[in-house]
Every structure is written in C-alpha cells, then in structure tokens.
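Participant: One structure is given below, represented as structure tokens, and several questions about it will come after.
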Amino acid sequence: MMENRSSLDEVLEEIHAAEQRAGRQPGSVRLMAVTKTVPAEQVNEVVRAGVTLLGENRVQEFLSKKDDYLPGCEIHFIGTLQKNKVKYLIDTVDMIESVNSLSLAEEISRQAVKKGKVMPVLLEINIGEEASKSGLNPAGLPEMLEKIQAFPGIRVEGLMSIPPICETKAEIRRYFKEMHKLFLDTRAKKLDNINMNVLSMGMSGDFAEAIEEGSTQVRIGTRLFGSR
Ligand SMILES: *Cc1c(COP(=O)(O)O)cnc(C)c1O
C-alpha cells in the first residue's frame, strides 16, 4: 500500500533528523512497528519496505497473526503480560519489553529454563509514578535488578517506558531525560547479567523528543498504520 510506504519514509526521515539534531550517530535509533489491531498483510507491507522489528501488545492477537507474518523480523512483546501467558511467548518472541514486576520476571525465568532458553527482557519503568499504570517505580529499580541478576533464563538488556500524557513537549522531555539518567546510572554500575543496551521510549507523538533525550528504540504504531 503506497500510503504505508510513504508514512514509513516520513517517519524514517524524522528519526534521522532527530538523530542529527541530537548529535547521535545516524542509524543508532531502531524503529519498531507496533502492530496492534493491524492485519498481517498491512504489517508485511512495512516489512517489505525494510522494517526489521515488530512490537506486539496482545498475546492472543499475536498468536493468531504470527504465522501470516513474513519471516525474518525480530518480534518483541510490549504489552501488559499476565503470568499465565508467558509460556506462549517463550518460543515465539525475541524479547519481552514489558517486565513490570518481580513475579513476572520469575515466571519468564521458569518458562525459559524449561525450554533451555535465555529470554532477553527490558524492565518497564513507571517514570511518572502514576497509580493507574503498571511498571516499576524508579526508586525500586536497584532492588529489582539485584534480585533478577540471580534468575537463570532471563537477561536484562535495558529499560522501557511509557511516560504520562503531557500537555507540553517540555514536560514529556523531562520524563525522557529522567529515563535516560536512570539508564546511564544503571549502566555505570556494571552489574553482572544486567546489560543497558536498549532504552525503548518514544511513540508516534513524541519520538523526536525521545531520540533527542537518548532513546535507542522508538515504538511507532499510528504514524505507520493510521489511527486505531
Ligand atoms: C500502541 C503502543 C505504541 C505505539 O503507539 P502510537 O502512538 O500508535 O505510535 C507504543 N508502545 C506501546 C507499549 C503501545 O502499546
């Protein structure tokens, strides 16, 4: 579909421009296409056009679509994940970005060990400390990392966040800055079994600001596929 193709080109151009403004290396930010509610054929259009990473929110929807996806894409789970669904993802996704509790990490560890695998994960941070949102409070991160370090079958690769809805770009930028600081501070600790390679933040409405503040991976749905 031409419409998707040109949306993709526009998004890639804006990513590139934000990288440049921020003095970041060209190509240092990875684009994830977020596929919720989008039919597999439409997802395949952006894959044909060069997208290499897909983001999945819903286990059931993903399982029903995955066999229709073109092969070769990396797939990350980014949605709220119930513990009893983890077993469906161990063999089907390449990363779980939405680890928001110790008990979820424990279950991922258990299921991965069963399959003789190591699942890469991101820890989801509730950077606005919103009561309505899941995710770890920033202050709880060190303790969480200390515990997860000891779990077999799971390897932390970085952090993910969905900041609060903000009135202004300045306000959202502040949350991205806080996330980047948390990411760098954690990286500086050089903890065993904990990598800080991926900082997943920025969506259709704010990915340029996220990149300028240090995001390494943006998750885009609406700008690629239209509004849901
Ligand atoms: C839907 C979703 C996105 C993409 O949001 P858009 O505003 O449509 O780009 C990114 N991250 C998560 C976790 C999502 O659920």
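A note on labels: chains of the structure tokens are A, B, ... as shown, every chain counts residues from 1, and ligands are counted from 1 in their shown order.
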Quick one: residues within 8 Å of segment 162-173 of chain A, only C-alpha atoms counted, chain neighbours fewer than 4 positions away excluded, as a list in words?

Facilitator: Ile125, Asn126, Ile127, Gly128, Glu130, Lys177, Met201, Gly202, Asp206, Glu209, Ala210 and Glu213 of chain A

Participant: Given only C-alpha atoms and all ligand atoms, how would the per-residue table for chain A near ligand 1 read, listing every residue at most 10 Å away with its closest atom pair and distance in Å to one decimal, sorted by chain and number, as JSON lines?

Facilitator:
{"residue": "A:Met32", "atom": "CA", "partner": "ligand 1", "partner_atom_place_in_ligand_line": "10 (C)", "distance": 8.6}
{"residue": "A:Ala33", "atom": "CA", "partner": "ligand 1", "partner_atom_place_in_ligand_line": "4 (C)", "distance": 7.9}
{"residue": "A:Val34", "atom": "CA", "partner": "ligand 1", "partner_atom_place_in_ligand_line": "4 (C)", "distance": 5.5}
{"residue": "A:Thr35", "atom": "CA", "partner": "ligand 1", "partner_atom_place_in_ligand_line": "1 (C)", "distance": 7.8}
{"residue": "A:Lys36", "atom": "CA", "partner": "ligand 1", "partner_atom_place_in_ligand_line": "1 (C)", "distance": 6.6}
{"residue": "A:Thr37", "atom": "CA", "partner": "ligand 1", "partner_atom_place_in_ligand_line": "1 (C)", "distance": 9.5}
{"residue": "A:Gly55", "atom": "CA", "partner": "ligand 1", "partner_atom_place_in_ligand_line": "11 (N)", "distance": 7.7}
{"residue": "A:Glu56", "atom": "CA", "partner": "ligand 1", "partner_atom_place_in_ligand_line": "15 (O)", "distance": 8.0}
{"residue": "A:Asn57", "atom": "CA", "partner": "ligand 1", "partner_atom_place_in_ligand_line": "15 (O)", "distance": 5.9}
{"residue": "A:Arg58", "atom": "CA", "partner": "ligand 1", "partner_atom_place_in_ligand_line": "15 (O)", "distance": 9.1}
{"residue": "A:Phe77", "atom": "CA", "partner": "ligand 1", "partner_atom_place_in_ligand_line": "13 (C)", "distance": 8.8}
{"residue": "A:Ile78", "atom": "CA", "partner": "ligand 1", "partner_atom_place_in_ligand_line": "13 (C)", "distance": 5.1}
{"residue": "A:Gly79", "atom": "CA", "partner": "ligand 1", "partner_atom_place_in_ligand_line": "13 (C)", "distance": 5.6}
{"residue": "A:Thr80", "atom": "CA", "partner": "ligand 1", "partner_atom_place_in_ligand_line": "13 (C)", "distance": 8.3}
{"residue": "A:Glu97", "atom": "CA", "partner": "ligand 1", "partner_atom_place_in_ligand_line": "13 (C)", "distance": 8.6}
{"residue": "A:Ser98", "atom": "CA", "partner": "ligand 1", "partner_atom_place_in_ligand_line": "13 (C)", "distance": 7.9}
{"residue": "A:Glu124", "atom": "CA", "partner": "ligand 1", "partner_atom_place_in_ligand_line": "13 (C)", "distance": 9.7}
{"residue": "A:Met160", "atom": "CA", "partner": "ligand 1", "partner_atom_place_in_ligand_line": "13 (C)", "distance": 8.8}
{"residue": "A:Ser161", "atom": "CA", "partner": "ligand 1", "partner_atom_place_in_ligand_line": "13 (C)", "distance": 8.0}
{"residue": "A:Ile162", "atom": "CA", "partner": "ligand 1", "partner_atom_place_in_ligand_line": "13 (C)", "distance": 6.7}
{"residue": "A:Ser200", "atom": "CA", "partner": "ligand 1", "partner_atom_place_in_ligand_line": "11 (N)", "distance": 8.9}
{"residue": "A:Met201", "atom": "CA", "partner": "ligand 1", "partner_atom_place_in_ligand_line": "11 (N)", "distance": 7.9}
{"residue": "A:Gly202", "atom": "CA", "partner": "ligand 1", "partner_atom_place_in_ligand_line": "10 (C)", "distance": 7.4}
{"residue": "A:Met203", "atom": "CA", "partner": "ligand 1", "partner_atom_place_in_ligand_line": "9 (O)", "distance": 4.3}
{"residue": "A:Ser204", "atom": "CA", "partner": "ligand 1", "partner_atom_place_in_ligand_line": "9 (O)", "distance": 3.6}
{"residue": "A:Gly205", "atom": "CA", "partner": "ligand 1", "partner_atom_place_in_ligand_line": "7 (O)", "distance": 6.0}
{"residue": "A:Asp206", "atom": "CA", "partner": "ligand 1", "partner_atom_place_in_ligand_line": "7 (O)", "distance": 8.4}
{"residue": "A:Phe207", "atom": "CA", "partner": "ligand 1", "partner_atom_place_in_ligand_line": "9 (O)", "distance": 8.6}
{"residue": "A:Val218", "atom": "CA", "partner": "ligand 1", "partner_atom_place_in_ligand_line": "10 (C)", "distance": 7.8}
{"residue": "A:Arg219", "atom": "CA", "partner": "ligand 1", "partner_atom_place_in_ligand_line": "10 (C)", "distance": 4.6}
{"residue": "A:Ile220", "atom": "CA", "partner": "ligand 1", "partner_atom_place_in_ligand_line": "9 (O)", "distance": 3.7}
{"residue": "A:Gly221", "atom": "CA", "partner": "ligand 1", "partner_atom_place_in_ligand_line": "8 (O)", "distance": 3.6}
{"residue": "A:Thr222", "atom": "CA", "partner": "ligand 1", "partner_atom_place_in_ligand_line": "8 (O)", "distance": 3.7}
{"residue": "A:Arg223", "atom": "CA", "partner": "ligand 1", "partner_atom_place_in_ligand_line": "9 (O)", "distance": 6.1}
{"residue": "A:Leu224", "atom": "CA", "partner": "ligand 1", "partner_atom_place_in_ligand_line": "9 (O)", "distance": 7.8}
{"residue": "A:Phe225", "atom": "CA", "partner": "ligand 1", "partner_atom_place_in_ligand_line": "8 (O)", "distance": 8.2}
{"residue": "A:Gly226", "atom": "CA", "partner": "ligand 1", "partner_atom_place_in_ligand_line": "8 (O)", "distance": 8.0}
{"residue": "A:Ser227", "atom": "CA", "partner": "ligand 1", "partner_atom_place_in_ligand_line": "8 (O)", "distance": 6.9}
{"residue": "A:Arg228", "atom": "CA", "partner": "ligand 1", "partner_atom_place_in_ligand_line": "8 (O)", "distance": 7.6}

Participant: Among segment 39-217 of chain A, which residues carry a DSSP assignment of helix (DSSP H, G or I), reported as a ChimeraX atom specification?

Facilitator: /A:40-48,59-68,83-89,102-114,138-148,169-188,207-212

Participant: Can you work out which one of A:Met119, A:Ile148, A:Val47, A:Ala139 has the shortest atom-to-atom distance to Lys87 of chain A, counting only C-alpha atoms?

Facilitator: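 That would be A:Met119, the residue with the smallest distance to Lys87 of chain A.
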
Participant: Go through segment 9-221 of chain A and collect every residue that DSSP, computed from the backbone, puts in strand (DSSP E); the answer should be as a PyMOL selection string.

Facilitator: chain A and resi 30-34+53-56+74-77+95-99+119-125+154-161+194-200+217-220

Participant: For the selection just defined, write its residues with N, CA and C atoms to a file, as a CSV table (one decimal), in the first residue's frame.

Facilitator:
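selection04.csv was written with the following content:
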chain,number,residue,atom,x,y,z
A,30,ARG,N,16.7,2.5,16.6
A,30,ARG,CA,15.9,1.4,15.9
A,30,ARG,C,14.4,1.7,15.9
A,31,LEU,N,13.8,1.5,14.7
A,31,LEU,CA,12.4,1.7,14.6
A,31,LEU,C,11.7,0.4,14.8
A,32,MET,N,10.7,0.4,15.7
A,32,MET,CA,9.8,-0.8,15.9
A,32,MET,C,8.4,-0.4,15.4
A,33,ALA,N,7.9,-1.3,14.5
A,33,ALA,CA,6.5,-1.1,14.1
A,33,ALA,C,5.6,-1.8,15.0
A,34,VAL,N,4.7,-1.0,15.7
A,34,VAL,CA,3.7,-1.6,16.6
A,34,VAL,C,2.4,-2.0,15.9
A,53,LEU,N,11.8,-4.9,12.9
A,53,LEU,CA,11.4,-5.1,14.3
A,53,LEU,C,9.9,-4.8,14.5
A,54,LEU,N,9.1,-5.8,15.0
A,54,LEU,CA,7.7,-5.7,15.3
A,54,LEU,C,7.4,-5.7,16.8
A,55,GLY,N,6.5,-4.9,17.2
A,55,GLY,CA,6.1,-4.8,18.6
A,55,GLY,C,4.6,-5.4,18.8
A,56,GLU,N,4.5,-6.3,19.7
A,56,GLU,CA,3.2,-7.0,19.9
A,56,GLU,C,2.6,-6.7,21.3
A,74,GLU,N,12.4,-9.5,13.7
A,74,GLU,CA,12.5,-9.7,15.1
A,74,GLU,C,11.2,-9.2,15.8
A,75,ILE,N,10.8,-10.0,16.8
A,75,ILE,CA,9.5,-9.6,17.4
A,75,ILE,C,9.6,-9.4,18.9
A,76,HIS,N,9.2,-8.3,19.4
A,76,HIS,CA,9.2,-8.0,20.8
A,76,HIS,C,7.8,-7.9,21.4
A,77,PHE,N,7.6,-8.4,22.6
A,77,PHE,CA,6.3,-8.2,23.2
A,77,PHE,C,6.4,-7.0,24.1
A,95,MET,N,12.1,-10.9,22.5
A,95,MET,CA,12.4,-10.1,23.7
A,95,MET,C,11.0,-9.7,24.3
A,96,ILE,N,11.0,-9.6,25.6
A,96,ILE,CA,9.8,-9.1,26.3
A,96,ILE,C,10.2,-7.8,27.0
A,97,GLU,N,9.6,-6.7,26.5
A,97,GLU,CA,10.0,-5.4,26.9
A,97,GLU,C,9.2,-4.9,28.1
A,98,SER,N,8.1,-5.6,28.5
A,98,SER,CA,7.2,-5.1,29.5
A,98,SER,C,7.3,-5.8,30.8
A,99,VAL,N,8.5,-6.1,31.3
A,99,VAL,CA,8.6,-6.7,32.6
A,99,VAL,C,8.4,-5.7,33.7
A,119,MET,N,15.8,-15.6,27.8
A,119,MET,CA,14.9,-14.6,27.3
A,119,MET,C,15.5,-13.2,27.6
A,120,PRO,N,15.8,-12.4,26.6
A,120,PRO,CA,16.2,-11.0,26.8
A,120,PRO,C,15.0,-10.2,27.2
A,121,VAL,N,15.1,-9.3,28.2
A,121,VAL,CA,14.0,-8.5,28.6
A,121,VAL,C,14.4,-7.1,28.8
A,122,LEU,N,13.4,-6.2,28.8
A,122,LEU,CA,13.5,-4.8,29.3
A,122,LEU,C,12.7,-4.7,30.6
A,123,LEU,N,13.1,-3.9,31.5
A,123,LEU,CA,12.3,-3.6,32.6
A,123,LEU,C,11.5,-2.3,32.3
A,124,GLU,N,10.1,-2.4,32.6
A,124,GLU,CA,9.3,-1.3,32.3
A,124,GLU,C,9.2,-0.4,33.5
A,125,ILE,N,9.6,0.9,33.3
A,125,ILE,CA,9.6,1.8,34.4
A,125,ILE,C,8.4,2.8,34.3
A,154,ILE,N,17.0,-15.6,32.1
A,154,ILE,CA,16.5,-14.2,31.8
A,154,ILE,C,17.7,-13.3,31.8
A,155,ARG,N,17.7,-12.4,30.8
A,155,ARG,CA,18.8,-11.4,30.8
A,155,ARG,C,18.3,-10.0,30.5
A,156,VAL,N,18.6,-9.1,31.4
A,156,VAL,CA,18.1,-7.8,31.3
A,156,VAL,C,18.9,-7.0,30.2
A,157,GLU,N,18.3,-6.4,29.2
A,157,GLU,CA,19.0,-5.7,28.1
A,157,GLU,C,18.8,-4.2,28.2
A,158,GLY,N,17.9,-3.8,29.1
A,158,GLY,CA,17.7,-2.3,29.2
A,158,GLY,C,16.4,-2.0,29.8
A,159,LEU,N,15.9,-0.8,29.5
A,159,LEU,CA,14.7,-0.2,30.1
A,159,LEU,C,13.7,0.2,29.0
A,160,MET,N,12.4,0.2,29.4
A,160,MET,CA,11.3,0.7,28.6
A,160,MET,C,10.4,1.6,29.4
A,161,SER,N,9.8,2.6,28.7
A,161,SER,CA,8.9,3.4,29.5
A,161,SER,C,7.8,4.0,28.6
A,194,ILE,N,23.4,-8.0,33.8
A,194,ILE,CA,22.5,-6.8,33.5
A,194,ILE,C,23.2,-6.0,32.4
A,195,ASN,N,22.6,-5.9,31.3
A,195,ASN,CA,23.1,-5.0,30.2
A,195,ASN,C,22.2,-3.8,30.1
A,196,MET,N,22.8,-2.7,29.8
A,196,MET,CA,21.9,-1.5,29.5
A,196,MET,C,22.2,-1.1,28.0
A,197,ASN,N,21.7,-1.8,27.1
A,197,ASN,CA,21.9,-1.6,25.7
A,197,ASN,C,20.7,-0.9,25.0
A,198,VAL,N,19.5,-1.2,25.5
A,198,VAL,CA,18.3,-0.7,24.9
A,198,VAL,C,17.6,0.3,25.8
A,199,LEU,N,17.2,1.4,25.3
A,199,LEU,CA,16.3,2.4,26.0
A,199,LEU,C,15.2,2.6,25.1
A,200,SER,N,14.1,1.9,25.4
A,200,SER,CA,12.9,1.9,24.5
A,200,SER,C,11.9,3.0,24.9
A,217,GLN,N,15.5,3.1,20.9
A,217,GLN,CA,14.5,2.4,20.1
A,217,GLN,C,13.1,3.1,20.3
A,218,VAL,N,12.5,3.4,19.1
A,218,VAL,CA,11.1,4.0,19.2
A,218,VAL,C,10.1,3.1,18.7
A,219,ARG,N,8.9,3.1,19.4
A,219,ARG,CA,7.8,2.2,19.1
A,219,ARG,C,6.7,3.0,18.4
A,220,ILE,N,6.5,2.7,17.1
A,220,ILE,CA,5.6,3.5,16.4
A,220,ILE,C,4.4,2.7,15.8

Participant: Given the choices A:Thr186, A:Leu12, A:Leu145, A:Gly135, which gets closest to Ser28 of chain A if the distance is worked out from only C-alpha atoms?

Facilitator: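 Of the candidates, the smallest distance to Ser28 of chain A is held by A:Leu12.
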
Participant: Using only C-alpha atoms, which of A:Ser103, A:Ser132, A:Gln82, A:Thr216 sits nearest Gln60 of chain A?

Facilitator: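 Looking at the shortest contact to Gln60 of chain A, the residue is A:Gln82.
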
Participant: List the spatial neighbours of Lys83 of chain A as a list in words - criterion: any atom at most 9 Å away, only C-alpha atoms, same-chain residues fewer than 5 positions off excluded.

Facilitator: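 So, after excluding close chain neighbours, the residues are Ser103, Leu104, Glu107 and Ile108 of chain A.
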
Participant: Could you check how far atom CA of Ala105 of chain A sits from atom CA of Val43 of chain A, in Å to one decimal?

Facilitator: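 According to the coordinates, atom CA of Ala105 of chain A and atom CA of Val43 of chain A are separated by 29.1 Å.
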
Participant: Just want the 10 Å neighbourhood of Tyr88 of chain A, counted on only C-alpha atoms, with same-chain residues fewer than 6 positions away dropped. Output as an NGL selection string.

Facilitator: :A and (59-60 or 63 or 111)

Participant: Show me, as a list in words, the residues that have an atom within 9 Å of segment 20-26 of chain A when counting only C-alpha atoms, minus same-chain residues fewer than 6 positions from it.

Facilitator: Ile211, Glu212, Glu213 and Gly214 of chain A

Participant: Between A:Pro152, A:Pro138, A:Glu143, A:Pro71, which has the minimum distance to Phe183 of chain A (counting only C-alpha atoms)?

Facilitator: A:Pro138
